[in-house]
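Working notes, structure below.
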Amino acid sequence: MDNQFVLQPLEVGRFPAFPLNRFLLNGEPDKSVEAPCISWFARSTSSDLAILVDTGPAEPTEETSKFHLPLEVGEKRKVHNALKSHGIDPEEITHVVFTHLHFDHCAYAQHLPNAKILVQKSELQYAVAPQKAHLGGYEASRPNVIPSWMRSFDRIVPIEGDISVAPGFQILLLPGHTYGSSGVVFNTAQGRCAVAGDLINQVENWEGDNGRHIPPAANIGIDQCHESFKRLEKEAETILASHDYRMFDKTRY
Ligand SMILES: [Zn+2]
């Protein structure tokens, strides 16, 4: 397999107590987990491609903390600082993929000055005028709040559907958690690895219940989630989660 990538999880935010039944459909009520926001860094072993999948949340403000769960960012977790603490220069990043535009996935890309930012056109369109129930997640129509992704709008390149960006680096349209969610598939030494955004918040979304994957509780349709799970079964051998500390059991994938 030519053009392989090595993947590394970076902690770019932390929810001290996230209700499990918001990650897992029909999850246990009254149970919370400590959950990271993960930015996945992927470096090519044979070219200068250096990719980030999602960039985490912005530091909460007085306005945003009124409608978001308690969240910690701090200087050390901001994506450009998290990169530096792992010895990676933010200027090296060639591509950012936003799996979707929820507030906890797309901040501080303005500090990655050389990155081209890829996001599904359908997600961009929805994020500016979502249904009422989804306004908070996209930070849309809130007084004194500019959605984080808009701060890097000048470098956003809308994509449509499945695209192969470079050998071993592919983006799939995987609707389910949101209308325009993407997954990113990388060739690695261990086979194909997919970062699936919030379709897979926790390991259990993929490992499932009696062999059946568990959709995220926040979804735009159960059928779409199962269609996207089927896609992932075909397209990758390893599926990575977006909000699960167990991802840090390994430092490299
Ligand atoms: Zn989300």
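To be explicit about the labels: the chains of the structure tokens are called A, B, and onward in the order shown, and within each one the residues are counted from 1, while ligands get numbers from 1 in the order they are shown.
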
message: Could you list the protein, DNA and RNA residues that have any atom within 7 Å of ligand 1, counting only C-alpha atoms and all ligand atoms, and write them as an NGL selection string?
response: :A and (100 or 102 or 177 or 198)

Segment 3-67 of chain A residues near segment 143-157 of chain A within 9 Å, closest pair each, using only C-alpha atoms, as JSON lines:
```
{"residue": "A:Pro57", "atom": "CA", "partner": "A:Ser148", "partner_atom": "CA", "distance": 7.9}
{"residue": "A:Ala58", "atom": "CA", "partner": "A:Ser148", "partner_atom": "CA", "distance": 6.9}
{"residue": "A:Glu63", "atom": "CA", "partner": "A:Val145", "partner_atom": "CA", "distance": 7.1}
{"residue": "A:Thr64", "atom": "CA", "partner": "A:Val145", "partner_atom": "CA", "distance": 7.2}
```

- prompt: Skipping near chain neighbours, those fewer than 4 positions away, what residues fall within 10 Å of segment 21-27 of chain A using only C-alpha atoms, listed as a PyMOL selection string?
  reply: chain A and resi 31-33+198-202+204-205+208+213-219+222+243

Could you take the residues named above and write them with C-alpha atoms, as a CSV table (one decimal), in the first residue's frame?
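Listing of again16.csv after writing:
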```csv
chain,number,residue,atom,x,y,z
A,31,LYS,CA,-25.2,8.1,33.6
A,32,SER,CA,-22.4,10.5,32.5
A,33,VAL,CA,-18.9,10.0,31.2
A,198,ASP,CA,-19.9,11.9,15.8
A,199,LEU,CA,-21.5,8.9,14.1
A,200,ILE,CA,-19.0,7.1,16.4
A,201,ASN,CA,-18.8,9.2,19.6
A,202,GLN,CA,-17.9,6.3,21.8
A,204,GLU,CA,-19.9,1.3,21.9
A,205,ASN,CA,-21.5,3.1,18.9
A,208,GLY,CA,-22.7,-2.2,19.4
A,213,HIS,CA,-24.1,-0.8,15.8
A,214,ILE,CA,-25.7,1.8,18.0
A,215,PRO,CA,-26.6,5.1,16.4
A,216,PRO,CA,-25.7,8.3,18.2
A,217,ALA,CA,-28.7,9.7,20.2
A,218,ALA,CA,-28.2,13.0,18.3
A,219,ASN,CA,-29.1,12.0,14.8
A,222,ILE,CA,-31.8,6.1,12.4
A,243,HIS,CA,-15.3,11.6,22.1
```

message: Taking the DSSP secondary structure from the backbone, can you list the residues of segment 2-248 of chain A that are strand (DSSP E), as a PyMOL selection string?
response: chain A and resi 5-19+32-44+50-53+95-97+116-120+156-159+163-166+169-173+182-188+191-195+238-240

- request: Report the distance between atom CA of Asn3 of chain A and atom CA of Lys84 of chain A in Å, rounded to one decimal place.
  value: 24.5 Å

Can you list, as a short mmCIF file (atom, residue, chain, number, x, y, z; two decimals) with C-alpha atoms, in the first residue's frame, every protein, DNA or RNA residue that comes within 10 Å of Phe229 of chain A when you count only C-alpha atoms, leaving out same-chain residues fewer than 2 positions away?
```cif
data_model
loop_
_atom_site.label_atom_id
_atom_site.label_comp_id
_atom_site.auth_asym_id
_atom_site.auth_seq_id
_atom_site.Cartn_x
_atom_site.Cartn_y
_atom_site.Cartn_z
CA LEU A 174 -21.72 9.68 5.94
CA PRO A 175 -25.03 11.29 6.86
CA GLY A 176 -26.62 10.23 10.13
CA ALA A 196 -16.13 8.92 11.55
CA LEU A 199 -21.49 8.93 14.10
CA ILE A 200 -19.04 7.14 16.43
CA ASN A 205 -21.45 3.13 18.90
CA TRP A 206 -19.37 0.85 16.69
CA ARG A 212 -25.76 -4.24 15.87
CA HIS A 213 -24.11 -0.81 15.80
CA ILE A 214 -25.69 1.84 18.04
CA PRO A 215 -26.64 5.14 16.39
CA ASP A 223 -31.88 4.60 8.82
CA GLN A 224 -29.25 7.05 7.59
CA CYS A 225 -27.04 6.07 10.54
CA HIS A 226 -27.32 2.37 9.66
CA GLU A 227 -26.62 3.09 5.98
CA ARG A 231 -20.50 2.01 4.34
CA LEU A 232 -17.91 2.03 7.10
CA GLU A 233 -17.94 -1.78 7.33
CA LYS A 234 -16.93 -1.87 3.67
CA GLU A 235 -14.48 1.01 3.64
#
```
